[in-house]
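Notes for the one structure printed next.
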Amino acid sequence: MRLPHLQPFAREPLYFLTTCIADRREILANAAAHKILSEIWSNSAKHDGWFVGRYVIMPDHVHLFARAASEAKPRAAWVKTWKSISSRRLAEAFQLTPPIWQADYFDHFIRSADSYGEKWSYVLNNPVRKNLVARPEDWPWQGKIHDLAF
């Protein structure tokens, strides 16, 4: 639940989003999935009014930061759109049976530069915590599409 008195502090709030693959199948940590997702997110500003900033693609989930333009699709509709498009493309690329994504997702309204820094540190270090790489910069399935500085 969003507190109404907090909304005026940011006309275009920054969101931290996490969503998981159905049944936590480990299908995302590869070049093909990275290309599919980053292309969809790159086009979402033009098509849906949503700008994706930094992201990390883990084997079974994704973390990303996003901000809507003033005339963007509602957040839930945008997430549904990119998950639907990526579902078709991932299913075709990896011969998978739907559903590809879990229906729900987690979102967090970023309220300060400190909160943004804490969330990004968490996301960036996720592959290290999972013993996938020794250093965050070694994880190849991450990037930044738009500069969404807080």
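How things are named: the first chain in the structure tokens is A, the next is B, and so on; residues count from 1 in each chain; ligands count from 1 in the order shown.
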Within 8 Å of Lys144 (chain A), counting only C-alpha atoms, which residues show up once you throw out same-chain ones fewer than 3 positions away? Write them as a short mmCIF file (atom, residue, chain, number, x, y, z; two decimals) with C-alpha atoms, in the first residue's frame, please.
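Output (around-v6.cif):
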```cif
data_model
loop_
_atom_site.label_atom_id
_atom_site.label_comp_id
_atom_site.auth_asym_id
_atom_site.auth_seq_id
_atom_site.Cartn_x
_atom_site.Cartn_y
_atom_site.Cartn_z
CA VAL A 52 14.89 1.08 -17.28
CA GLY A 53 18.09 2.08 -15.55
CA ARG A 54 20.42 -0.39 -13.90
CA TYR A 55 19.56 -4.07 -13.87
CA ASP A 147 20.77 6.99 -16.39
#
```
Contacts between region 26-41 of chain A and region 72-123 of chain A, please, where a residue of region 72-123 of chain A counts if it comes within 10 Å (with only C-alpha atoms); show its shortest atom pair and distance in Å to one decimal, rows by chain and ascending number, as JSON lines.
```
{"residue": "A:Thr81", "atom": "CA", "partner": "A:Ile40", "partner_atom": "CA", "distance": 9.7}
{"residue": "A:Trp82", "atom": "CA", "partner": "A:Ile40", "partner_atom": "CA", "distance": 6.6}
{"residue": "A:Lys83", "atom": "CA", "partner": "A:Leu37", "partner_atom": "CA", "distance": 9.1}
{"residue": "A:Ile85", "atom": "CA", "partner": "A:Ile40", "partner_atom": "CA", "distance": 7.8}
{"residue": "A:Ser86", "atom": "CA", "partner": "A:Leu37", "partner_atom": "CA", "distance": 6.5}
{"residue": "A:Ser87", "atom": "CA", "partner": "A:Ile36", "partner_atom": "CA", "distance": 9.7}
{"residue": "A:Arg89", "atom": "CA", "partner": "A:Ile36", "partner_atom": "CA", "distance": 7.0}
{"residue": "A:Leu90", "atom": "CA", "partner": "A:Ala33", "partner_atom": "CA", "distance": 6.7}
{"residue": "A:Ala93", "atom": "CA", "partner": "A:Ala32", "partner_atom": "CA", "distance": 7.7}
{"residue": "A:Phe94", "atom": "CA", "partner": "A:Ile27", "partner_atom": "CA", "distance": 8.2}
{"residue": "A:Leu96", "atom": "CA", "partner": "A:Ile27", "partner_atom": "CA", "distance": 9.5}
{"residue": "A:Ile100", "atom": "CA", "partner": "A:Ile27", "partner_atom": "CA", "distance": 9.4}
```
- Residues within 9 Å of His63 (chain A), only C-alpha atoms, excluding chain neighbours under 3 positions, as a list in words: Phe16, Leu17, Thr18, Thr19, Arg54, Tyr55, Val56, Ile57, Met58 and Val123 of chain A
- Query: Between CA of Ile145 (chain A) and CA of Asp60 (chain A), what is the spacing in Å?
  - Reply: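 It comes out at 20.8 Å.
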